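What follows is upload26.txt (compact mmCIF, C-alpha atoms).
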```
# COMPACT_ATOMS: atom_id res chain seq x y z
CA LYS A 16 -4.92 -58.44 -42.69
CA VAL A 17 -1.84 -58.41 -40.47
CA GLY A 18 -0.37 -55.48 -42.36
CA SER A 19 -3.58 -53.48 -42.08
CA MET A 20 -3.65 -54.04 -38.32
CA VAL A 21 -0.10 -52.71 -37.96
CA ASP A 22 -0.93 -49.66 -40.07
CA CYS A 23 -3.99 -49.04 -37.92
CA LYS A 24 -1.93 -49.21 -34.72
CA ASN A 25 0.63 -46.76 -36.13
CA LYS A 26 -2.14 -44.37 -37.08
CA ILE A 27 -3.52 -44.60 -33.54
CA SER A 28 -0.10 -43.73 -32.09
CA GLU A 29 0.13 -40.63 -34.30
CA HIS A 30 -3.26 -39.27 -33.21
CA ARG A 31 -3.44 -39.84 -29.48
CA GLU A 32 -5.73 -36.84 -29.00
CA GLU A 33 -8.42 -38.83 -30.78
CA LEU A 34 -8.07 -41.88 -28.53
CA SER A 35 -11.06 -42.44 -26.29
CA SER A 36 -9.85 -45.34 -24.11
CA THR A 37 -6.78 -46.57 -22.30
CA LEU A 38 -5.68 -50.18 -22.77
CA CYS A 39 -4.25 -51.72 -19.59
CA VAL A 40 -3.16 -55.01 -18.10
CA VAL A 41 -4.83 -55.87 -14.79
CA MET A 42 -3.31 -58.27 -12.29
CA LYS A 43 -5.35 -59.76 -9.47
CA LYS A 44 -4.58 -62.34 -6.81
CA GLN A 45 -7.19 -64.24 -4.80
CA THR A 46 -9.77 -61.67 -5.88
CA GLU A 47 -13.25 -62.37 -7.21
CA HIS A 48 -14.06 -60.95 -10.63
CA LEU A 49 -16.92 -58.68 -9.55
CA ASN A 50 -15.00 -57.46 -6.52
CA ALA A 51 -12.08 -56.65 -8.81
CA ILE A 52 -14.34 -54.49 -10.98
CA ASN A 53 -15.53 -52.60 -7.92
CA GLN A 54 -11.94 -52.10 -6.74
CA LEU A 55 -10.93 -50.78 -10.17
CA SER A 56 -13.93 -48.48 -10.35
CA ALA A 57 -13.22 -46.99 -6.91
CA ALA A 58 -9.47 -46.57 -7.46
CA ILE A 59 -9.71 -45.04 -10.93
CA LYS A 60 -12.93 -43.14 -10.15
CA CYS A 61 -14.87 -44.37 -13.13
CA ARG A 62 -18.13 -46.23 -13.64
CA PRO A 63 -18.04 -50.04 -13.69
CA SER A 64 -19.60 -49.85 -17.15
CA ASP A 65 -16.50 -47.97 -18.38
CA ILE A 66 -14.33 -51.03 -17.65
CA GLY A 67 -14.11 -53.37 -20.63
CA LEU A 68 -13.05 -56.98 -20.07
CA ALA A 69 -13.12 -59.93 -22.46
CA GLY A 70 -13.75 -62.58 -19.81
CA ILE A 71 -13.76 -63.69 -16.20
CA LYS A 72 -10.53 -64.82 -14.57
CA ASP A 73 -10.29 -67.38 -11.79
CA MET A 74 -10.29 -66.20 -8.20
CA GLN A 75 -7.94 -68.92 -6.89
CA ALA A 76 -5.00 -67.79 -9.00
CA ILE A 77 -2.70 -64.96 -9.97
CA THR A 78 -4.19 -63.71 -13.23
CA TYR A 79 -3.36 -61.10 -15.85
CA GLN A 80 -5.80 -59.78 -18.45
CA TYR A 81 -6.27 -56.86 -20.78
CA CYS A 82 -8.91 -54.27 -19.99
CA THR A 83 -10.00 -50.99 -21.55
CA LEU A 84 -11.00 -47.92 -19.58
CA ARG A 85 -13.40 -45.67 -21.47
CA HIS A 86 -12.68 -41.91 -21.20
CA VAL A 87 -9.91 -42.51 -18.64
CA ALA A 88 -6.53 -40.81 -19.12
CA PRO A 89 -3.34 -42.82 -18.47
CA ASN A 90 -2.31 -40.59 -15.55
CA ARG A 91 -5.47 -41.55 -13.64
CA VAL A 92 -4.51 -45.19 -14.04
CA LEU A 93 -1.00 -44.56 -12.72
CA ASN A 94 -2.37 -42.74 -9.69
CA ALA A 95 -4.62 -45.72 -8.87
CA SER A 96 -1.86 -48.33 -8.95
CA ASN A 97 -0.70 -47.86 -5.33
CA GLN A 98 -4.25 -48.18 -3.98
CA LEU A 99 -4.86 -51.36 -5.96
CA ARG A 100 -1.63 -52.97 -4.74
CA ARG A 101 -2.97 -52.84 -1.20
CA ASN A 102 -5.88 -55.00 -2.33
CA ASN A 103 -4.04 -57.80 -4.16
CA MET A 104 -4.35 -56.05 -7.51
CA ASP A 105 -2.22 -53.96 -9.86
CA ILE A 106 -2.66 -52.23 -13.20
CA LYS A 107 -0.26 -51.16 -15.95
CA VAL A 108 -0.93 -48.86 -18.91
CA VAL A 109 -0.26 -50.32 -22.36
CA ARG A 110 -1.37 -47.53 -24.70
CA GLY A 111 -4.29 -45.41 -25.81
CA VAL A 112 -6.85 -47.02 -28.13
CA ASP A 113 -10.00 -45.99 -29.97
CA TRP A 114 -11.99 -49.15 -29.09
CA VAL A 115 -13.27 -50.98 -26.02
CA LEU A 116 -13.11 -54.63 -25.03
CA ASN A 117 -16.38 -56.52 -24.79
CA ARG A 118 -17.19 -59.85 -23.22
CA GLY A 119 -16.21 -62.78 -25.41
CA GLU A 120 -13.59 -60.89 -27.43
CA LEU A 121 -10.70 -63.16 -26.57
CA GLU A 122 -8.55 -65.53 -28.58
CA GLY A 123 -7.54 -67.85 -25.76
CA ASN A 124 -5.74 -68.13 -22.44
CA ARG A 125 -2.30 -69.26 -21.37
CA PHE A 126 -1.94 -71.11 -18.08
CA GLU A 127 0.99 -71.96 -15.85
CA ILE A 128 -0.30 -74.52 -13.36
CA LEU A 129 1.49 -76.01 -10.37
CA VAL A 130 -0.05 -79.32 -9.27
CA GLN A 131 1.02 -80.62 -5.86
CA ASP A 132 0.49 -83.70 -3.73
CA LEU A 133 -0.58 -85.94 -6.62
CA HIS A 134 -1.93 -89.41 -5.94
CA GLN A 135 -3.21 -92.17 -8.18
CA LEU A 136 -6.70 -93.28 -7.13
CA GLU A 137 -7.59 -96.94 -7.09
CA LEU A 138 -11.29 -97.88 -6.92
CA ARG A 139 -12.29 -101.24 -5.45
CA ASP A 140 -15.56 -102.85 -4.43
CA LYS A 141 -15.68 -102.62 -0.67
CA GLN A 142 -16.30 -105.86 1.19
CA MET A 143 -19.72 -105.58 2.81
CA LYS A 144 -21.46 -107.61 5.47
CA GLU A 145 -24.47 -109.77 4.57
CA SER A 146 -26.64 -107.38 6.57
CA GLU A 147 -25.45 -104.51 4.35
CA PRO A 148 -26.38 -105.49 0.78
CA ASN A 149 -25.73 -102.06 -0.79
CA LEU A 150 -22.70 -101.83 -3.05
CA SER A 151 -19.91 -99.62 -1.79
CA ILE A 152 -16.73 -98.38 -3.42
CA GLU A 153 -13.46 -98.13 -1.56
CA ILE A 154 -11.00 -95.47 -2.72
CA ARG A 155 -7.32 -96.08 -2.13
CA ARG A 156 -4.51 -93.66 -2.81
CA ARG A 157 -1.23 -94.77 -4.31
CA PRO A 158 1.89 -92.79 -5.17
CA CYS A 159 1.62 -91.09 -8.58
CA HIS A 160 4.61 -92.24 -10.60
CA LYS A 161 6.00 -90.24 -13.49
CA SER A 162 4.99 -92.86 -16.07
CA PHE A 163 1.34 -92.70 -14.99
CA LEU A 164 1.34 -88.90 -15.12
CA GLU A 165 2.93 -88.89 -18.58
CA GLU A 166 0.25 -91.27 -19.84
CA CYS A 167 -2.49 -88.99 -18.48
CA VAL A 168 -0.96 -85.97 -20.19
CA SER A 169 -0.51 -87.92 -23.43
CA ARG A 170 -4.17 -88.97 -23.36
CA VAL A 171 -5.25 -85.32 -23.09
CA GLN A 172 -2.88 -84.36 -25.91
CA ARG A 173 -4.32 -87.08 -28.16
CA GLY A 174 -8.00 -86.71 -27.40
CA GLY A 175 -8.35 -83.31 -25.78
CA PHE A 176 -10.99 -82.69 -23.15
CA VAL A 177 -14.48 -81.28 -22.85
CA ASN A 178 -14.22 -77.62 -21.86
CA PHE A 179 -16.90 -77.59 -19.17
CA TYR A 180 -17.76 -74.38 -17.35
CA GLY A 181 -16.21 -74.46 -13.88
CA GLU A 182 -17.28 -73.78 -10.33
CA GLN A 183 -16.60 -70.04 -10.47
CA ARG A 184 -19.11 -69.61 -13.27
CA VAL A 185 -21.75 -72.19 -12.35
CA GLY A 186 -21.20 -72.88 -8.65
CA ASN A 187 -19.96 -75.82 -6.64
CA ALA A 188 -21.22 -79.31 -7.35
CA GLY A 189 -23.35 -81.06 -4.75
CA ASP A 190 -26.63 -80.69 -2.93
CA SER A 191 -27.66 -77.09 -2.26
CA ALA A 192 -28.42 -78.04 1.36
CA ASP A 193 -24.70 -78.74 1.81
CA ILE A 194 -23.12 -76.33 -0.64
CA GLY A 195 -25.42 -73.34 -0.27
CA VAL A 196 -26.69 -71.10 -3.05
CA ARG A 197 -24.93 -71.38 -6.41
CA SER A 198 -24.72 -68.68 -9.08
CA PHE A 199 -27.01 -70.61 -11.42
CA ASP A 200 -29.67 -70.87 -8.67
CA ILE A 201 -29.98 -67.08 -8.67
CA GLY A 202 -29.97 -66.91 -12.46
CA ARG A 203 -32.68 -69.56 -12.69
CA ALA A 204 -34.93 -67.64 -10.28
CA MET A 205 -34.43 -64.45 -12.30
CA LEU A 206 -35.28 -66.19 -15.56
CA GLN A 207 -38.38 -67.62 -13.88
CA LYS A 208 -39.28 -64.02 -12.90
CA LYS A 209 -39.34 -65.06 -9.26
CA TRP A 210 -37.91 -61.77 -8.04
CA THR A 211 -38.53 -62.33 -4.31
CA GLU A 212 -36.85 -65.73 -4.48
CA ALA A 213 -33.88 -64.26 -6.37
CA VAL A 214 -33.38 -61.59 -3.69
CA ASN A 215 -33.65 -64.21 -0.96
CA LEU A 216 -31.08 -66.44 -2.66
CA ILE A 217 -28.65 -63.53 -2.95
CA MET A 218 -29.01 -62.85 0.76
CA ILE A 219 -28.78 -66.52 1.81
CA GLY A 220 -25.49 -66.85 -0.05
CA ARG A 221 -23.01 -69.68 0.11
CA SER A 222 -22.77 -70.57 3.79
CA LEU A 223 -20.99 -73.93 3.70
CA THR A 224 -18.34 -75.65 1.63
CA GLY A 225 -19.89 -79.10 1.87
CA LYS A 226 -16.61 -80.37 3.35
CA GLY A 227 -17.62 -81.09 6.89
CA GLY A 228 -19.67 -77.92 7.22
CA GLU A 229 -16.75 -75.50 7.11
CA PHE A 230 -17.77 -71.85 6.78
CA VAL A 231 -16.57 -70.03 3.68
CA GLU A 232 -17.45 -66.58 5.01
CA GLY A 233 -16.35 -64.68 8.09
CA PRO A 234 -18.55 -63.98 11.14
CA GLU A 235 -19.53 -60.47 9.98
CA ARG A 236 -21.01 -61.74 6.73
CA ARG A 237 -22.70 -64.65 8.44
CA LEU A 238 -24.32 -62.19 10.85
CA VAL A 239 -25.85 -60.27 7.93
CA ARG A 240 -27.26 -63.46 6.44
CA SER A 241 -28.61 -64.78 9.73
CA THR A 242 -30.20 -61.39 10.50
CA TRP A 243 -31.90 -61.41 7.11
CA LYS A 244 -33.24 -64.90 7.74
CA GLU A 245 -34.34 -64.38 11.35
CA SER A 246 -36.01 -61.03 10.60
CA GLY A 247 -38.10 -62.55 7.82
CA GLY A 248 -36.28 -60.59 5.12
CA ASP A 249 -36.18 -57.15 6.75
CA PRO A 250 -33.70 -55.00 4.76
CA ILE A 251 -33.44 -52.32 7.46
CA LYS A 252 -32.39 -54.79 10.16
CA ALA A 253 -29.97 -56.53 7.82
CA LEU A 254 -28.34 -53.23 6.78
CA LYS A 255 -27.79 -52.28 10.44
CA VAL A 256 -25.42 -55.22 10.97
CA PHE A 257 -23.44 -54.79 7.73
CA PRO A 258 -19.63 -54.82 7.92
CA ARG A 259 -18.06 -51.37 8.14
CA ASP A 260 -15.92 -52.01 5.08
CA ALA A 261 -17.72 -50.28 2.21
CA ASN A 262 -16.36 -52.84 -0.26
CA SER A 263 -17.78 -55.78 1.68
CA MET A 264 -20.80 -57.59 0.20
CA PRO A 265 -21.46 -54.95 -2.50
CA ARG A 266 -24.20 -56.94 -4.25
CA GLU A 267 -26.09 -57.69 -1.06
CA ARG A 268 -25.76 -54.08 0.04
CA ALA A 269 -27.12 -52.75 -3.25
CA VAL A 270 -30.08 -55.15 -3.18
CA LEU A 271 -30.98 -54.29 0.41
CA GLN A 272 -30.71 -50.56 -0.18
CA GLY A 273 -32.94 -50.95 -3.24
CA LEU A 274 -35.43 -53.02 -1.28
CA LYS A 275 -35.47 -50.44 1.52
CA ARG A 276 -36.05 -47.61 -0.93
CA TYR A 277 -38.49 -49.14 -3.43
CA LYS A 278 -40.16 -51.91 -1.41
CA ASP A 279 -40.12 -53.99 -4.60
CA PRO A 280 -37.81 -56.99 -5.27
CA LEU A 281 -37.58 -56.36 -9.02
CA ALA A 282 -36.62 -52.72 -8.49
CA ALA A 283 -34.06 -53.88 -5.91
CA LEU A 284 -32.47 -56.25 -8.44
CA GLN A 285 -32.33 -53.43 -10.97
CA CYS A 286 -30.12 -51.52 -8.53
CA LEU A 287 -27.37 -54.02 -9.31
CA GLN A 288 -24.90 -53.38 -12.11
CA PHE A 289 -25.90 -54.81 -15.46
CA SER A 290 -22.80 -57.00 -15.50
CA VAL A 291 -23.76 -58.52 -12.14
CA ARG A 292 -27.29 -59.40 -13.26
CA THR A 293 -26.10 -60.92 -16.52
CA PHE A 294 -23.40 -62.87 -14.67
CA TRP A 295 -26.12 -64.88 -12.89
CA ILE A 296 -28.05 -65.36 -16.12
CA ASN A 297 -24.86 -66.57 -17.82
CA ALA A 298 -24.29 -68.96 -14.90
CA TYR A 299 -27.62 -70.66 -15.57
CA GLN A 300 -26.89 -70.83 -19.31
CA SER A 301 -23.52 -72.42 -18.52
CA TYR A 302 -25.18 -74.89 -16.15
CA ILE A 303 -27.51 -76.03 -18.92
CA TRP A 304 -24.56 -76.26 -21.32
CA ASN A 305 -22.70 -78.55 -18.91
CA LEU A 306 -25.73 -80.84 -18.60
CA VAL A 307 -26.21 -81.01 -22.37
CA ALA A 308 -22.50 -81.64 -23.02
CA THR A 309 -22.49 -84.46 -20.48
CA GLU A 310 -25.55 -86.08 -22.04
CA ARG A 311 -24.06 -85.66 -25.54
CA ILE A 312 -20.97 -87.63 -24.56
CA GLN A 313 -22.90 -90.31 -22.72
CA ARG A 314 -25.24 -90.89 -25.66
CA HIS A 315 -22.93 -90.56 -28.64
CA GLY A 316 -19.35 -90.57 -27.36
CA MET A 317 -16.69 -88.47 -29.06
CA LYS A 318 -17.85 -88.96 -32.66
CA PRO A 319 -19.79 -86.41 -34.74
CA ILE A 320 -23.32 -87.44 -35.72
CA LEU A 321 -25.97 -86.14 -38.09
CA GLY A 322 -27.63 -83.00 -36.78
CA ASP A 323 -24.60 -81.79 -34.81
CA LEU A 324 -23.49 -78.18 -35.17
CA TYR A 325 -19.91 -77.53 -36.28
CA TRP A 326 -17.45 -74.82 -37.32
CA PRO A 327 -16.25 -75.32 -40.93
CA GLN A 328 -12.47 -75.63 -41.06
CA GLY A 329 -10.62 -72.49 -42.02
CA GLU A 330 -13.50 -70.13 -41.21
CA SER A 331 -13.57 -67.52 -38.49
CA SER A 332 -15.47 -68.42 -35.34
CA GLU A 333 -16.41 -64.83 -34.55
CA SER A 334 -19.93 -65.06 -35.94
CA LYS A 335 -22.64 -67.57 -35.17
CA LYS A 336 -23.62 -67.34 -38.86
CA ASN A 337 -20.64 -69.57 -39.65
CA VAL A 338 -22.11 -72.52 -37.74
CA LYS A 339 -23.26 -75.37 -39.97
CA VAL A 340 -25.41 -78.46 -39.40
CA ILE A 341 -24.05 -81.90 -40.30
CA THR A 342 -26.41 -83.19 -42.95
CA ASP A 343 -24.18 -85.74 -44.70
CA ASP A 344 -21.34 -88.12 -43.76
CA PRO A 345 -20.36 -87.15 -40.19
CA SER A 346 -17.00 -88.90 -40.63
CA MET A 347 -15.82 -85.91 -42.66
CA ILE A 348 -16.07 -83.71 -39.54
CA ASP A 349 -13.56 -83.70 -36.68
CA ILE A 350 -14.92 -83.84 -33.13
CA ARG A 351 -12.96 -80.66 -32.36
CA GLN A 352 -15.22 -78.81 -34.80
CA ILE A 353 -18.40 -79.77 -32.92
CA VAL A 354 -19.99 -76.97 -30.90
CA LEU A 355 -22.90 -76.69 -28.51
CA PRO A 356 -24.69 -73.36 -28.07
CA LEU A 357 -25.59 -71.64 -24.85
CA PRO A 358 -29.40 -71.51 -24.55
CA GLY A 359 -30.96 -68.18 -25.45
CA SER A 360 -33.72 -66.34 -27.27
CA ASN A 361 -32.23 -66.43 -30.78
CA VAL A 362 -30.14 -69.60 -30.85
CA GLN A 363 -29.56 -72.33 -33.41
CA TYR A 364 -29.73 -75.72 -31.69
CA PRO A 365 -28.60 -79.13 -32.98
CA THR A 366 -31.28 -80.77 -35.15
CA ASN A 367 -30.81 -84.20 -33.56
CA ASP A 368 -31.85 -85.57 -30.15
CA ILE A 369 -29.31 -83.32 -28.42
CA GLY A 370 -31.32 -80.30 -29.51
CA ASP A 371 -34.35 -81.80 -27.74
CA ILE A 372 -32.40 -81.97 -24.47
CA TYR A 373 -32.24 -78.18 -24.33
CA GLY A 374 -36.02 -77.94 -24.58
CA ASP A 375 -36.56 -80.65 -21.97
CA LEU A 376 -34.23 -79.02 -19.43
CA LEU A 377 -35.69 -75.54 -19.90
CA LYS A 378 -39.24 -76.90 -19.72
CA LYS A 379 -38.39 -78.68 -16.48
CA ASP A 380 -37.28 -75.35 -14.99
CA ASP A 381 -40.27 -73.52 -16.53
CA ILE A 382 -38.00 -71.14 -18.44
CA VAL A 383 -38.59 -69.58 -21.84
CA PHE A 384 -35.84 -67.39 -23.27
CA GLU A 385 -37.42 -64.30 -24.78
CA LYS A 386 -35.78 -61.06 -25.77
CA GLY A 387 -36.33 -58.58 -22.96
CA ALA A 388 -37.83 -61.25 -20.68
CA VAL A 389 -35.36 -60.45 -17.88
CA ALA A 390 -35.35 -56.90 -16.64
CA GLU A 391 -32.15 -55.22 -17.81
```

When written as structure tokens, how does the structure in this file appear?
Amino acid sequence: KVGSMVDCKNKISEHREELSSTLCVVMKKQTEHLNAINQLSAAIKCRPSDIGLAGIKDMQAITYQYCTLRHVAPNRVLNASNQLRRNNMDIKVVRGVDWVLNRGELEGNRFEILVQDLHQLELRDKQMKESEPNLSIEIRRRPCHKSFLEECVSRVQRGGFVNFYGEQRVGNAGDSADIGVRSFDIGRAMLQKKWTEAVNLIMIGRSLTGKGGEFVEGPERRLVRSTWKESGGDPIKALKVFPRDANSMPRERAVLQGLKRYKDPLAALQCLQFSVRTFWINAYQSYIWNLVATERIQRHGMKPILGDLYWPQGESSESKKNVKVITDDPSMIDIRQIVLPLPGSNVQYPTNDIGDIYGDLLKKDDIVFEKGAVAE
């Protein structure tokens, strides 16, 4: 297989006139994924749908990832590089290719992480007065010695860790009254077909961090959100106070313009890029996955059980058809082979009590995954 891949690449190099896409490496720093797509689209003068990416990179980092640009010549990419550098981004051409990257087509990530100001936390029962019977925990910080850190790293190396979806996909943990709207809140409303609520959640946004009520957005954005709220959801009034920067709040702008034009919340949501709409849906799916994974560990620990789904050793993980159900002797399966699916319309769930958790959570939110249920 390796030899055939090399031959294919050589053949591509010999017939560049037949190549339909340009493979590039994109760098971004402190830039949100969706904003990065908009920046690329504007600089290269292509449609967002022509940009192929395998996954979403963190905002709070300096990240590099491959991308494909459909029907974009390399010289257009080179011309866009200077504009992107002014916006904490850059792009380099790798070569021409006859394929495009799609979401999920990645083999892994490599991280270089700098961890600073480490402390070892010590939890103690806090001494309470007789008039205050509730139990309280006191957290004390101690210096983090090298031996303690090495033991923590060794524990991860031995037992691994559960690869939960993080805050950038799902949203911050905590009460929505403190944190504000999370990505999965919007996705849940869309899956419930509550179009007006979904639009309202997009416009409310994430106002607070939950850390003492600090604002996460500047005054211009907060003015848009407060105008929307105080006007009872009037798109015309909200658009009048929008920031002058055309790249500011692109999703909110598109929704409001759609609402102004069509007077219909569903039509307004359909004015958003497909990737934006599915991002919120994926956020809800990831939220459910996190809840199920947590419950799986609490109930059964880190050992495989009957009814779990797993990848057979030595088989490719590219197709869901390879997933098997443990029907005999779970001890023959390694915990690293166990998988949990994202909820969806055509999904194989575990056949044990963990599979029931999916149904319970979706029923609680009044959500049924059906093909074509969400307007796309």

Counting all atoms listed in the file, what is within 6 Å of range 109-126 of chain A, bar same-chain residues fewer than 4 positions away, as a CSV table (one decimal) with C-alpha atoms, keeping the file's coordinate frame?
```
chain,number,residue,atom,x,y,z
A,34,LEU,CA,-8.1,-41.9,-28.5
A,35,SER,CA,-11.1,-42.4,-26.3
A,36,SER,CA,-9.8,-45.3,-24.1
A,37,THR,CA,-6.8,-46.6,-22.3
A,38,LEU,CA,-5.7,-50.2,-22.8
A,39,CYS,CA,-4.2,-51.7,-19.6
A,67,GLY,CA,-14.1,-53.4,-20.6
A,68,LEU,CA,-13.0,-57.0,-20.1
A,69,ALA,CA,-13.1,-59.9,-22.5
A,70,GLY,CA,-13.8,-62.6,-19.8
A,83,THR,CA,-10.0,-51.0,-21.6
```

I'd like the neighbourhood of Ala213 in chain A as a PDB file with C-alpha atoms, keeping the file's coordinate frame, where a residue qualifies if any of its atoms comes within 6 Å (using all atoms listed in the file), though same-chain residues fewer than 6 positions away should be ignored.
```
ATOM      1  CA  ILE A 201     -29.980 -67.080  -8.670  1.00  0.00           C
ATOM      2  CA  ALA A 204     -34.930 -67.640 -10.280  1.00  0.00           C
ATOM      3  CA  MET A 205     -34.430 -64.450 -12.300  1.00  0.00           C
TER       4      MET A 205
END
```

Just how far from CA of Ser198 in chain A is CA of Val307 in chain A, in Å to one decimal?
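Taking CA of Val307 in chain A and CA of Ser198 in chain A, their separation equals 18.2 Å.
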
Between A:Val256, A:Ile217, A:Val383, A:Met264, single out the one closest to Glu47 in chain A, counting all atoms listed in the file.
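Closest to Glu47 in chain A, using all atoms listed in the file: A:Met264.
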
Two-atom distance - CA of Val340 in chain A, CA of Asp380 in chain A (Å)
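Interatomic distance here is 27.3 Å.
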
Please, what distance in Å, to one decimal, runs between CA of His48 in chain A and CA of Lys208 in chain A?
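Those two atoms sit 25.5 Å apart.
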
Pick the closest to Phe199 in chain A from A:Leu138, A:Ile106, A:Ala298, A:Ala283: which is it, counting all atoms listed in the file?
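Checking each of A:Leu138, A:Ile106, A:Ala298, A:Ala283 against Phe199 in chain A, counting all atoms listed in the file, the winner is A:Ala298.
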
Closest of A:Asp105, A:Ile77, A:Asp371, A:Arg311 to Ile59 in chain A - atom-to-atom distances counting all atoms listed in the file:
A:Asp105

Looking at A:Met317, A:Ile341, A:Ile66, A:Leu271, which one is nearest to Asn53 in chain A, with distances taken over only C-alpha atoms?
A:Ile66

Measuring between all atoms listed in the file, which one of A:Arg100, A:Arg85, A:Arg266, A:Lys252 shows the shortest distance to Met218 in chain A?
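Of all the options, A:Arg266 lies closest to Met218 in chain A.
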